[in-house]
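K.L.:
This is the content of target.cif (mmCIF, C-alpha atoms and all ligand atoms):
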data_coords
loop_
_atom_site.label_atom_id
_atom_site.label_comp_id
_atom_site.auth_asym_id
_atom_site.auth_seq_id
_atom_site.Cartn_x
_atom_site.Cartn_y
_atom_site.Cartn_z
CA MET A 25 244.01 -69.06 115.14
CA THR A 26 240.47 -69.84 116.17
CA LEU A 27 238.56 -72.98 116.99
CA LYS A 28 235.84 -73.60 114.46
CA GLY A 29 233.62 -76.40 113.33
CA ASP A 30 230.13 -77.79 113.58
CA LEU A 31 228.20 -78.89 116.64
CA ILE A 32 227.88 -82.31 114.99
CA ASP A 33 231.61 -82.78 115.53
CA LEU A 34 231.88 -80.91 118.82
CA PRO A 35 228.63 -80.74 120.81
CA LEU A 36 227.91 -77.64 122.90
CA LEU A 37 228.07 -79.67 126.09
CA ASP A 38 231.64 -80.67 125.25
CA ILE A 39 232.54 -77.10 124.35
CA LEU A 40 231.20 -75.79 127.66
CA HIS A 41 233.00 -78.54 129.50
CA ILE A 42 236.36 -77.99 127.81
CA PHE A 43 236.21 -74.21 128.07
CA GLN A 44 235.27 -74.45 131.71
CA ARG A 45 238.14 -76.85 132.38
CA ASP A 46 240.68 -74.75 130.50
CA GLY A 47 239.46 -71.38 131.79
CA ARG A 48 238.97 -69.93 128.32
CA ASN A 49 238.27 -66.28 127.62
CA GLY A 50 236.48 -65.32 124.46
CA ARG A 51 233.40 -65.31 122.35
CA LEU A 52 231.71 -68.31 120.79
CA SER A 53 229.53 -67.48 117.78
CA LEU A 54 227.01 -70.01 116.53
CA LEU A 55 224.91 -70.08 113.39
CA LYS A 56 222.09 -72.38 112.32
CA GLY A 57 219.88 -71.36 109.42
CA ARG A 58 218.33 -68.04 110.37
CA GLU A 59 219.36 -68.26 114.01
CA ARG A 60 222.53 -66.75 115.40
CA ALA A 61 223.93 -66.86 118.87
CA VAL A 62 226.89 -65.68 120.87
CA ILE A 63 228.17 -66.95 124.22
CA TRP A 64 230.80 -64.96 126.09
CA PHE A 65 233.27 -66.76 128.32
CA GLN A 66 235.35 -65.34 131.12
CA CYS A 67 237.86 -67.58 132.88
CA GLY A 68 235.99 -70.56 131.49
CA GLU A 69 232.61 -69.47 132.80
CA ALA A 70 229.82 -68.66 130.38
CA ILE A 71 228.80 -65.20 131.59
CA ASN A 72 226.57 -63.92 128.83
CA ALA A 73 224.61 -65.43 125.97
CA LEU A 74 222.34 -64.09 123.27
CA LEU A 75 220.25 -66.00 120.73
CA ILE A 76 218.51 -64.13 117.96
CA SER A 77 216.52 -65.18 114.93
CA ASP A 78 215.79 -63.46 111.64
CA ASP A 79 212.27 -64.70 112.15
CA SER A 80 210.41 -61.77 113.72
CA GLN A 81 208.06 -64.19 115.51
CA GLN A 82 210.94 -65.37 117.67
CA PRO A 83 211.92 -62.97 120.43
CA PRO A 84 215.63 -62.82 121.25
CA ARG A 85 216.68 -64.93 124.19
CA VAL A 86 219.42 -64.07 126.65
CA GLY A 87 221.39 -65.70 129.44
CA GLU A 88 220.58 -69.20 130.60
CA GLU A 89 217.50 -69.33 128.41
CA ALA A 90 219.69 -68.87 125.36
CA ILE A 91 222.19 -71.50 126.53
CA PHE A 92 219.51 -74.09 127.23
CA ALA A 93 217.95 -73.44 123.81
CA LEU A 94 221.36 -73.83 122.16
CA ALA A 95 221.90 -77.14 123.94
CA HIS A 96 219.13 -78.53 121.72
CA TRP A 97 220.75 -77.56 118.43
CA PRO A 98 221.65 -80.83 116.73
CA HIS A 99 224.01 -79.04 114.36
CA GLY A 100 225.18 -75.55 113.56
CA SER A 101 228.50 -73.98 112.75
CA PHE A 102 230.53 -72.33 115.45
CA ARG A 103 233.63 -70.24 115.77
CA PHE A 104 235.49 -69.38 118.95
CA MET A 105 237.39 -66.12 119.06
CA PRO A 106 239.70 -65.98 122.04
CA LEU A 107 240.03 -62.61 123.71
CA ILE A 108 243.28 -61.84 125.36
CA THR A 109 242.26 -58.61 127.01
CA ASP A 110 239.47 -58.46 129.55
CA GLU A 111 236.47 -57.31 127.66
CA HIS A 112 233.86 -56.11 130.11
CA ASP A 113 230.83 -58.05 129.11
CA ARG A 114 227.41 -57.75 130.46
CA ILE A 115 226.78 -60.58 132.87
CA THR A 116 223.47 -62.32 132.27
CA ILE A 117 224.46 -65.72 133.65
CA THR A 118 225.38 -65.90 137.30
CA ARG A 119 225.26 -69.62 137.94
CA PRO A 120 228.55 -71.50 137.54
CA THR A 121 228.88 -73.17 134.15
CA MET A 122 229.41 -76.56 135.77
CA GLN A 123 225.94 -76.24 137.27
CA LEU A 124 224.49 -75.53 133.82
CA ILE A 125 226.29 -78.54 132.38
CA VAL A 126 224.93 -80.83 135.06
CA GLU A 127 221.43 -79.44 134.53
CA MET A 128 221.67 -79.97 130.78
CA LEU A 129 222.76 -83.54 131.35
CA GLN A 130 219.92 -84.06 133.77
CA GLN A 131 217.38 -82.69 131.26
CA ARG A 132 218.77 -85.00 128.64
CA ALA A 133 218.74 -87.95 131.01
CA GLN A 134 215.04 -87.37 131.67
CA ALA A 135 214.17 -86.90 128.03
CA SER A 136 216.25 -89.60 126.46
CA LEU A 137 214.67 -92.88 125.54
CA PRO A 138 217.73 -94.88 124.73
CA HIS A 139 217.84 -96.05 121.16
CA LEU A 140 220.56 -98.52 120.35
CA PRO A 141 223.20 -96.86 118.19
CA PRO A 142 223.46 -98.86 114.97
CA ASP A 143 227.13 -99.62 115.50
CA LEU A 144 226.75 -100.81 119.09
CA THR A 145 227.29 -104.55 119.34
CA MET A 146 228.37 -106.87 122.14
CA ASP A 147 231.95 -106.45 120.92
CA THR A 148 232.08 -102.68 120.62
CA ALA A 149 234.95 -101.29 122.69
CA LEU A 150 233.75 -98.51 125.00
CA ARG A 151 235.28 -96.11 127.44
CA ALA A 152 234.17 -93.33 129.76
CA PRO A 153 236.71 -90.53 130.04
CA LEU A 154 237.61 -89.62 133.61
CA GLN A 155 236.01 -86.19 133.61
CA MET A 156 232.78 -87.76 132.37
CA ILE A 157 232.74 -90.24 135.24
CA ASP A 158 233.01 -87.29 137.54
CA LEU A 159 230.03 -85.62 135.84
CA GLY A 160 228.11 -88.87 135.91
CA THR A 161 228.19 -88.89 139.69
CA ARG A 162 226.29 -85.59 139.68
CA ILE A 163 223.29 -86.58 137.61
CA ASP A 164 220.47 -89.08 138.00
CA LEU A 165 221.56 -92.48 136.82
CA ASN A 166 220.11 -95.76 137.94
CA PRO A 167 222.40 -98.12 139.89
CA MET A 168 222.95 -100.28 136.81
CA GLU A 169 224.06 -97.32 134.70
CA ARG A 170 226.26 -96.11 137.52
CA THR A 171 227.93 -99.51 137.83
CA ILE A 172 228.58 -99.71 134.12
CA LEU A 173 229.93 -96.17 134.00
CA HIS A 174 232.32 -97.14 136.77
CA ILE A 175 233.47 -100.27 134.93
CA LEU A 176 234.07 -98.20 131.81
CA ARG A 177 236.82 -96.20 133.48
CA GLN A 178 238.75 -98.78 131.55
CA GLN A 179 238.01 -99.94 128.07
CA HIS A 180 235.52 -102.83 127.94
CA THR A 181 233.03 -104.35 125.54
CA PRO A 182 229.39 -105.07 126.48
CA ALA A 183 230.24 -108.78 126.32
CA GLN A 184 232.97 -108.28 128.92
CA ILE A 185 230.62 -106.31 131.15
CA VAL A 186 228.03 -109.08 130.96
CA ALA A 187 230.74 -111.54 131.98
CA HIS A 188 231.83 -109.33 134.91
CA THR A 189 228.35 -108.63 136.29
CA HIS A 190 225.07 -110.43 136.79
CA LEU A 191 223.37 -108.26 134.19
CA THR A 192 221.77 -109.55 131.00
CA PRO A 193 223.02 -108.45 127.56
CA GLU A 194 219.76 -106.46 127.08
CA GLN A 195 220.24 -104.60 130.34
CA VAL A 196 223.84 -103.83 129.55
CA LEU A 197 223.13 -102.63 126.00
CA CYS A 198 220.22 -100.42 127.13
CA ALA A 199 222.27 -98.84 129.91
CA ILE A 200 225.19 -98.25 127.56
CA ALA A 201 222.94 -96.75 124.89
CA ARG A 202 221.72 -94.25 127.46
CA LEU A 203 225.24 -93.45 128.66
CA ILE A 204 226.29 -92.87 125.05
CA ASP A 205 223.23 -90.64 124.48
CA LEU A 206 224.26 -88.60 127.49
CA GLY A 207 227.76 -88.24 126.15
CA LEU A 208 229.24 -89.97 129.20
CA VAL A 209 230.58 -92.94 127.28
CA ALA A 210 232.29 -93.06 123.91
CA THR A 211 233.07 -95.87 121.52
CA VAL A 212 236.72 -96.62 120.93
CA THR A 213 236.36 -96.94 117.18
CA LEU A 214 240.05 -97.68 116.63
CA ALA A 215 240.25 -100.40 119.29
CA ASP A 216 240.41 -103.03 116.59
CA LEU A 217 243.39 -101.67 114.69
CA PRO A 218 245.21 -104.58 113.08
CA ASP A 219 247.21 -106.21 115.79
CA GLN A 220 250.46 -105.86 113.89
CA GLN A 221 251.81 -103.17 116.11
CA LEU A 222 253.79 -105.81 117.96
CA VAL A 223 255.77 -106.71 114.88
CA ALA A 224 258.94 -104.81 114.12
CA PRO A 225 259.06 -103.28 110.65
CA VAL A 226 260.64 -105.68 108.21
CA PRO A 227 263.69 -103.77 106.95
CA LEU A 228 264.97 -103.26 110.46
CA ARG A 229 265.79 -106.90 110.86
CA THR A 230 268.16 -106.91 107.96
CA LYS A 231 270.09 -103.74 108.76
CA GLN A 232 273.26 -103.95 110.77
CA HIS A 233 271.96 -101.65 113.49
CA SER A 234 269.71 -103.29 116.05
CA THR A 235 266.55 -101.34 116.64
CA SER A 236 267.51 -100.16 120.09
CA LYS A 237 270.98 -99.15 118.95
CA LEU A 238 269.46 -97.23 116.09
CA VAL A 239 266.85 -95.60 118.29
CA ARG A 240 269.53 -94.56 120.76
CA ALA A 241 271.63 -93.11 117.97
CA ILE A 242 268.74 -91.07 116.62
CA LYS A 243 267.90 -89.84 120.09
CA ARG A 244 271.48 -88.81 120.63
CA ARG A 245 271.43 -86.84 117.40
CA LEU A 246 268.18 -85.12 118.37
CA GLN A 247 269.70 -84.19 121.71
CA GLN A 248 272.77 -82.74 120.01
CA LEU A 249 270.58 -80.68 117.72
CA HIS A 250 268.58 -79.57 120.66
CA ALA A 251 271.62 -78.49 122.58
CA ALA A 252 273.05 -76.61 119.61
CA MET B 21 275.32 -95.92 103.85
CA ALA B 22 272.15 -97.06 105.56
CA THR B 23 268.96 -95.06 105.45
CA TYR B 24 265.83 -95.26 107.50
CA LYS B 25 262.61 -93.40 107.24
CA ILE B 26 259.96 -91.89 109.40
CA VAL B 27 256.73 -90.69 107.84
CA VAL B 28 254.72 -87.67 108.96
CA THR B 29 251.09 -87.82 107.97
CA GLY B 30 247.86 -86.03 108.73
CA THR B 31 244.93 -84.36 107.01
CA TYR B 32 245.15 -81.16 104.99
CA ALA B 33 247.00 -78.32 106.73
CA ALA B 34 247.63 -80.32 109.91
CA GLY B 35 251.18 -78.95 110.02
CA LYS B 36 253.19 -81.69 108.30
CA SER B 37 255.49 -79.36 106.34
CA LEU B 38 256.29 -77.27 109.36
CA PHE B 39 256.89 -80.34 111.50
CA ILE B 40 259.37 -81.76 109.01
CA ARG B 41 261.11 -78.44 108.58
CA ASN B 42 261.64 -78.16 112.32
CA ALA B 43 262.63 -81.77 112.77
CA SER B 44 265.34 -81.95 110.16
CA GLU B 45 268.76 -80.60 109.45
CA ILE B 46 267.95 -78.64 106.34
CA GLU B 47 271.57 -77.76 105.58
CA VAL B 48 272.49 -81.41 105.41
CA VAL B 49 269.90 -81.99 102.72
CA GLU B 50 271.44 -79.33 100.57
CA THR B 51 275.13 -80.01 101.15
CA GLU B 52 275.16 -83.75 101.44
CA ALA B 53 276.11 -85.77 98.39
CA PRO B 54 273.13 -87.69 97.04
CA VAL B 55 272.58 -91.05 98.60
CA SER B 56 273.25 -93.79 96.15
CA ASP B 57 270.48 -96.33 96.31
CA PRO B 58 266.80 -96.43 95.45
CA TYR B 59 266.27 -93.64 97.95
CA GLU B 60 268.00 -91.21 95.67
CA ARG B 61 265.43 -91.64 92.96
CA GLN B 62 262.66 -91.54 95.47
CA LEU B 63 263.89 -88.30 96.97
CA LYS B 64 264.32 -86.73 93.61
CA ALA B 65 260.83 -87.62 92.56
CA TYR B 66 259.57 -86.37 95.84
CA THR B 67 261.14 -82.95 95.71
CA THR B 68 260.28 -82.56 92.05
CA ILE B 69 256.60 -82.59 92.87
CA GLY B 70 257.24 -80.23 95.76
CA LEU B 71 256.57 -82.56 98.66
CA ASP B 72 258.18 -82.42 102.06
CA PHE B 73 261.15 -84.37 103.14
CA GLY B 74 263.87 -83.80 105.66
CA VAL B 75 267.02 -85.51 106.79
CA LEU B 76 268.65 -86.23 110.11
CA GLN B 77 272.20 -87.39 109.85
CA ILE B 78 272.35 -89.96 112.62
CA ASP B 79 276.09 -90.52 112.19
CA LYS B 80 278.53 -90.88 109.30
CA GLU B 81 276.92 -94.09 108.15
CA HIS B 82 273.28 -93.60 108.85
CA HIS B 83 270.64 -91.20 107.67
CA LEU B 84 267.11 -90.81 108.80
CA PHE B 85 264.71 -89.47 106.18
CA LEU B 86 261.53 -87.76 107.14
CA PHE B 87 258.77 -87.88 104.57
CA GLY B 88 255.57 -85.91 104.67
CA THR B 89 252.59 -87.52 103.05
CA PRO B 90 250.97 -85.32 100.45
CA GLY B 91 248.06 -83.27 101.67
CA GLN B 92 246.18 -83.41 98.41
CA GLU B 93 244.12 -86.47 97.68
CA ARG B 94 245.48 -86.81 94.18
CA PHE B 95 248.72 -88.03 95.77
CA ASP B 96 247.04 -90.65 97.96
CA PHE B 97 248.61 -93.42 95.95
CA MET B 98 251.96 -92.45 97.47
CA TRP B 99 250.93 -93.36 100.99
CA GLU B 100 251.56 -97.02 100.53
CA HIS B 101 254.86 -96.41 98.83
CA LEU B 102 256.01 -94.17 101.67
CA ALA B 103 254.69 -96.20 104.54
CA ILE B 104 256.24 -99.49 103.56
CA GLY B 105 259.43 -100.13 105.45
CA CYS B 106 259.23 -97.04 107.62
CA LEU B 107 260.53 -97.21 111.19
CA GLY B 108 257.42 -95.51 112.42
CA TYR B 109 255.12 -92.64 111.69
CA VAL B 110 253.62 -89.54 113.24
CA VAL B 111 249.96 -88.70 112.70
CA LEU B 112 249.37 -84.98 113.09
CA VAL B 113 245.94 -83.60 113.79
CA ASP B 114 244.91 -79.94 113.83
CA SER B 115 243.65 -79.30 117.37
CA CYS B 116 241.47 -76.41 116.19
CA ARG B 117 239.47 -78.33 113.59
CA PRO B 118 237.07 -80.88 115.07
CA ALA B 119 235.76 -81.55 111.56
CA ASP B 120 239.12 -83.19 110.80
CA PHE B 121 238.85 -85.75 113.59
CA GLY B 122 236.72 -88.19 111.55
CA PRO B 123 239.03 -88.07 108.50
CA THR B 124 242.05 -88.44 110.82
CA SER B 125 240.54 -91.55 112.38
CA ARG B 126 240.07 -93.01 108.91
CA LEU B 127 243.62 -92.10 107.99
CA ILE B 128 244.94 -93.87 111.10
CA ARG B 129 243.00 -96.98 110.19
CA ARG B 130 244.27 -96.94 106.62
CA PHE B 131 247.87 -96.51 107.64
CA ALA B 132 247.62 -99.33 110.15
CA GLU B 133 246.45 -101.53 107.30
CA ILE B 134 249.33 -100.53 105.07
CA THR B 135 252.13 -100.84 107.62
CA SER B 136 252.78 -102.57 110.90
CA ALA B 137 255.18 -99.84 112.00
CA PRO B 138 254.55 -98.11 115.35
CA PHE B 139 253.00 -94.64 115.38
CA VAL B 140 252.14 -91.76 117.65
CA VAL B 141 249.38 -89.21 117.31
CA ALA B 142 250.18 -85.56 117.96
CA ALA B 143 247.61 -82.82 118.59
CA ASN B 144 249.24 -79.98 116.71
CA LYS B 145 248.74 -76.21 117.05
CA GLN B 146 248.47 -76.45 120.82
CA ASP B 147 249.76 -72.88 120.99
CA ALA B 148 246.65 -71.62 119.20
CA LEU B 149 244.23 -70.04 121.61
CA GLY B 150 241.38 -72.17 120.34
CA ALA B 151 243.15 -75.54 120.54
CA LEU B 152 241.24 -78.46 122.00
CA PRO B 153 243.09 -80.50 124.65
CA PRO B 154 244.89 -83.71 123.57
CA ASP B 155 242.88 -85.99 125.87
CA TYR B 156 239.64 -84.80 124.33
CA ILE B 157 241.06 -85.32 120.84
CA GLN B 158 242.10 -88.84 121.81
CA LEU B 159 238.50 -89.55 122.76
CA ARG B 160 237.14 -88.04 119.54
CA LEU B 161 239.54 -90.03 117.41
CA GLY B 162 238.31 -93.21 119.07
CA LEU B 163 241.80 -94.19 120.10
CA PRO B 164 242.37 -96.80 122.77
CA ASP B 165 244.16 -95.80 125.99
CA SER B 166 247.28 -97.50 124.75
CA ILE B 167 247.72 -94.83 122.08
CA PRO B 168 247.91 -91.47 123.82
CA VAL B 169 247.72 -88.19 121.95
CA LEU B 170 250.76 -85.98 122.48
CA PRO B 171 250.61 -82.20 122.57
CA CYS B 172 252.54 -80.59 119.71
CA ILE B 173 253.53 -77.16 118.44
CA ALA B 174 255.11 -77.67 115.05
CA HIS B 175 256.55 -74.14 115.21
CA GLU B 176 258.82 -75.21 118.06
CA MET B 177 261.75 -77.50 117.48
CA SER B 178 261.68 -78.76 121.07
CA SER B 179 258.07 -79.81 120.72
CA VAL B 180 258.70 -81.56 117.40
CA HIS B 181 261.65 -83.38 118.94
CA ALA B 182 259.55 -84.44 121.92
CA VAL B 183 257.05 -86.05 119.54
CA LEU B 184 259.86 -87.83 117.70
CA PHE B 185 261.28 -89.02 121.02
CA ALA B 186 257.92 -90.48 121.97
CA LEU B 187 257.78 -92.26 118.62
CA LEU B 188 261.31 -93.61 119.12
CA ASP B 189 260.36 -94.86 122.59
CA ARG B 190 257.45 -96.66 121.05
CA ILE B 191 259.56 -98.14 118.27
CA GLU B 192 262.01 -99.40 120.85
CA ALA B 193 259.37 -100.80 123.17
CA LEU B 194 257.53 -102.59 120.39
CA SER B 195 260.62 -104.00 118.75
CA ALA B 196 261.75 -105.37 122.11
CA ALA B 197 258.65 -107.51 122.05
CA VAL B 198 259.85 -109.40 118.98
CA PRO B 199 263.24 -111.06 118.61
CA GLU B 200 265.10 -109.61 115.66
CA VAL B 201 266.57 -112.00 113.16
CA GLY B 202 270.34 -111.77 113.01
CA ASP B 203 270.51 -109.13 115.69
CA GLU B 204 273.62 -109.70 117.75
CA SER B 205 272.61 -107.36 120.54
CA SER B 206 269.25 -108.98 121.23
CA THR B 207 270.88 -111.94 122.96
CA HIS B 208 272.25 -110.11 125.99
N1 LIG C 301 249.73 -71.77 115.53
C1 LIG C 301 250.22 -72.81 114.89
N2 LIG C 301 250.12 -72.88 113.56
C2 LIG C 301 250.63 -73.95 112.94
C3 LIG C 301 251.29 -74.99 113.65
N3 LIG C 301 251.67 -75.93 112.75
C4 LIG C 301 251.27 -75.50 111.54
N4 LIG C 301 250.67 -74.30 111.65
C5 LIG C 301 250.11 -73.48 110.55
O1 LIG C 301 249.15 -74.25 109.87
C6 LIG C 301 249.22 -74.03 108.48
C7 LIG C 301 249.47 -75.33 107.74
O2 LIG C 301 250.76 -75.83 108.07
P1 LIG C 301 251.56 -76.76 107.06
O3 LIG C 301 252.81 -77.17 107.73
O4 LIG C 301 251.65 -76.12 105.73
O5 LIG C 301 250.54 -77.97 106.98
P2 LIG C 301 250.58 -79.24 106.00
O6 LIG C 301 250.05 -80.39 106.79
O7 LIG C 301 251.93 -79.40 105.42
O8 LIG C 301 249.55 -78.81 104.89
P3 LIG C 301 249.28 -79.52 103.46
O9 LIG C 301 250.60 -79.94 102.91
O10 LIG C 301 248.62 -78.46 102.66
O11 LIG C 301 248.35 -80.64 103.77
C8 LIG C 301 250.34 -73.02 108.28
O12 LIG C 301 249.77 -71.74 108.21
C9 LIG C 301 251.17 -73.17 109.52
O13 LIG C 301 251.86 -71.99 109.85
C10 LIG C 301 251.38 -74.88 115.07
O14 LIG C 301 251.90 -75.73 115.80
N5 LIG C 301 250.83 -73.77 115.63
MG MG C 302 252.48 -79.43 103.36
#
Can the structure in the file be given as structure tokens, please?

P.N.:
Amino acid sequence: MTLKGDLIDLPLLDILHIFQRDGRNGRLSLLKGRERAVIWFQCGEAINALLISDDSQQPPRVGEEAIFALAHWPHGSFRFMPLITDEHDRITITRPTMQLIVEMLQQRAQASLPHLPPDLTMDTALRAPLQMIDLGTRIDLNPMERTILHILRQQHTPAQIVAHTHLTPEQVLCAIARLIDLGLVATVTLADLPDQQLVAPVPLRTKQHSTSKLVRAIKRRLQQLHAA
Amino acid sequence: MATYKIVVTGTYAAGKSLFIRNASEIEVVETEAPVSDPYERQLKAYTTIGLDFGVLQIDKEHHLFLFGTPGQERFDFMWEHLAIGCLGYVVLVDSCRPADFGPTSRLIRRFAEITSAPFVVAANKQDALGALPPDYIQLRLGLPDSIPVLPCIAHEMSSVHAVLFALLDRIEALSAAVPEVGDESSTH
């Protein structure tokens, strides 16, 4: 089974990051209109890349040049084919993938003029995943952005951050917009699930089994099945 | 005879059928005399249209039914019917299909509106070479830290059981937070 989708759902930066972390081996093919690309991974490192276009005006690009061009694709379908055997690929990329990721982030950080995402309000729940905080320490962020990234190790809303710091709502929202643009912070869209999870399901209260007795009984049965 | 239910949901081809098959005691379904209460009719209707269900015989008196929600949208109306009164539910997500993360998020929201029962999310197909890691999927689904995403391989009974165990832990923990009416054991 292969991993496939669109860069809209899984940006290239995330793909590189995950593959690097998991030490993947294989070939990632990408397609956008008349452009096609392939990136080869070995032990999680991108070692070779090729970007070609049907348009004869566009010369093929290889190695880092191809990867950095691909980082700008806003969308495009992809498919990852894992390779189990060591396929001896040509090596056109010698820098570690983590270095490329950091450079991509840095390029984005310089280019991005934060625009407020339409769904970002003072009450939007936000979080920065641990590995992103780690990445954030390696790129240029201003002290305010760095502070907020640090606070967002745990889920907070902009309103809570304003209350915790001496920053204004405008400062906080701008910094967060930039961190979201960079992919360092994500919104916790399901943070506001109806708060009914603390209520036991109705029928349980009327049955003779108490919930914990019932749960223990089911667990016991699962263990028996497991042992069998 | 008391019956309880757990629902297994997820988007198209997430692995619901396989999960239920590996979670239940198939033989019991076939050899057991039909349960005499509204469940009987429900089960009959369910199997007639070819949908998944499984049974765990907890003990002589108690059965746990496992229902899979239909993958096709034309059966969406059944969600509510299935979810009401369930002990808890499992949301399966295909770890190899990032395009399903948005629809899965919406499904989670809809279920939480229908039922207050506890749930767990399981990143299925973790054995596939392309599978994305559960922590990344948690992020993409927009789930809060309090709802972790469990790794799952629906092909493996042990993995399916581990997911059910996690759900049972959650059911227990959450029910402990509310006193149960008429529950003799909650007073100790
Ligand atoms: N590798 C792998 N494949 C799986 C796993 N779980 C399910 N599959 C495969 O995924 C496909 C869909 O599985 P089903 O169990 O039919 O999924 P479903 O959710 O019932 O699908 P619908 O009822 O059509 O929505 C099948 O080909 C399964 O063999 C898994 O853990 N690992
Ligand atoms: Mg099915």

K.L.:
Determine, using all atoms listed in the file, which residues of chain B have any atom at most 8 Å from an atom of ligand MG 302 (chain C), and tabulate each with its shortest atom pair and distance in Å to one decimal place, rows ordered by chain and then rising number, as CSV.

P.N.:
residue,atom,partner,partner_atom,distance
B:Tyr32,CA,C:MG302,MG,7.7
B:Ala33,CA,C:MG302,MG,6.5
B:Gly35,CA,C:MG302,MG,6.8
B:Lys36,CA,C:MG302,MG,5.5
B:Ser37,CA,C:MG302,MG,4.2
B:Leu38,CA,C:MG302,MG,7.4
B:Leu71,CA,C:MG302,MG,7.0
B:Asp72,CA,C:MG302,MG,6.6
B:Gly88,CA,C:MG302,MG,7.3
B:Pro90,CA,C:MG302,MG,6.7
B:Gly91,CA,C:MG302,MG,6.1

K.L.:
At a cut-off of 6 Å, which residues of chain B touch chain A? Count only C-alpha atoms and give the answer as a ChimeraX atom specification.

P.N.:
/B:78,105,116,118-119,136-138,148,150,162-164,188,192,194-195,200-201,203

K.L.:
What lies within 12 Å of A:Asp205 using only C-alpha atoms, ignoring chain neighbours under 5 positions off, as a count of residues only?

P.N.:
19

K.L.:
Would you work out the distance separating atom CA of A:Arg114 from atom CA of A:His99, expressed in Å to one decimal?

P.N.:
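A separation of 26.9 Å between them.
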
K.L.:
B:Ala174, B:Ile40, B:Val27, B:Ile157: which is nearest ligand LIG 301 (chain C), counting only C-alpha atoms and all ligand atoms?

P.N.:
B:Ala174

K.L.:
I'd like the interatomic distance between atom CA of A:His96 and atom CA of A:Asp164, to a tenth of an Å.

P.N.:
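Going from atom CA of A:His96 over to atom CA of A:Asp164 covers 19.4 Å.
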
K.L.:
Which of these residues is nearest to B:Ser125, using only C-alpha atoms: B:Thr31, B:Asp147, B:Tyr156, B:Leu86?

P.N.:
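Among the listed residues, the smallest separation from B:Ser125 belongs to B:Thr31.
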
K.L.:
Just how far from atom CA of A:Thr181 is atom CA of A:Met156, in Å to one decimal?

P.N.:
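Value for the atom CA of A:Met156-atom CA of A:Thr181 distance: 17.9 Å.
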
K.L.:
Pick the closest to A:Leu208 from A:His190, A:Leu37, A:Ala95, A:Pro84: which is it, counting all atoms listed in the file?

P.N.:
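Using all atoms listed in the file, A:Leu208 sits closest to A:Leu37.
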
K.L.:
What's the 6 Å shell around A:Leu54, counting all atoms listed in the file, without same-chain residues fewer than 6 positions away, as JSON, numbers by chain?

P.N.:
{"A": [60, 61, 101, 102]}

K.L.:
Can I get the selection written as a short mmCIF file (atom, residue, chain, number, x, y, z; two decimals), in the frame of the given file, with C-alpha atoms?

P.N.:
data_model
loop_
_atom_site.label_atom_id
_atom_site.label_comp_id
_atom_site.auth_asym_id
_atom_site.auth_seq_id
_atom_site.Cartn_x
_atom_site.Cartn_y
_atom_site.Cartn_z
CA ARG A 60 222.53 -66.75 115.40
CA ALA A 61 223.93 -66.86 118.87
CA SER A 101 228.50 -73.98 112.75
CA PHE A 102 230.53 -72.33 115.45
#

K.L.:
With distances taken over only C-alpha atoms, which of B:Thr135, B:Thr29, B:Asn42, B:Gln77 is nearest to B:Val110?

P.N.:
B:Thr29

K.L.:
Using only C-alpha atoms and all ligand atoms, which residue out of B:Met98, B:Val113, B:Ala186, B:Ile26 lies closest to ligand LIG 301 (chain C)?

P.N.:
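Using only C-alpha atoms and all ligand atoms, ligand LIG 301 (chain C) sits closest to B:Val113.
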
K.L.:
So, with all atoms listed in the file as the atoms that count, which of B:Asp155, B:Asp189, B:Asp165, B:Asp120 lies closest to ligand LIG 301 (chain C)?

P.N.:
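Going through B:Asp155, B:Asp189, B:Asp165, B:Asp120 one by one, the smallest distance to ligand LIG 301 (chain C) is for B:Asp120.
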
K.L.:
Output, as AutoDock Vina command-line options, the centre and edge lengths in Å (one decimal) of the axis-aligned box that contains all listed atoms of stretch 127-135 of chain A with 4 Å of margin on each side.

P.N.:
--center_x 218.5 --center_y -83.7 --center_z 131.3 --size_x 16.6 --size_y 16.5 --size_z 14.5

K.L.:
Taking (221.2, -66.6, 113.6) in the file's coordinates, which residues come within 10 Å, counting all atoms listed in the file, written as a ChimeraX atom specification?

P.N.:
/A:53-62,75-79,100

K.L.:
Excluding same-chain residues fewer than 6 positions from B:Val111, what lies within 7 Å of it counting only C-alpha atoms, as a list of chain:residue names?

P.N.:
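Listing them by chain and then by number gives B:Val28, B:Thr29, B:Gly30, B:Val140, B:Val141, B:Ala142.
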
K.L.:
Name all residues at most 7 Å from stretch 89-93 of chain A (count only C-alpha atoms; drop same-chain ones fewer than 4 positions away) and give them as an MDAnalysis selection string.

P.N.:
chainID A and resid 73:75 85
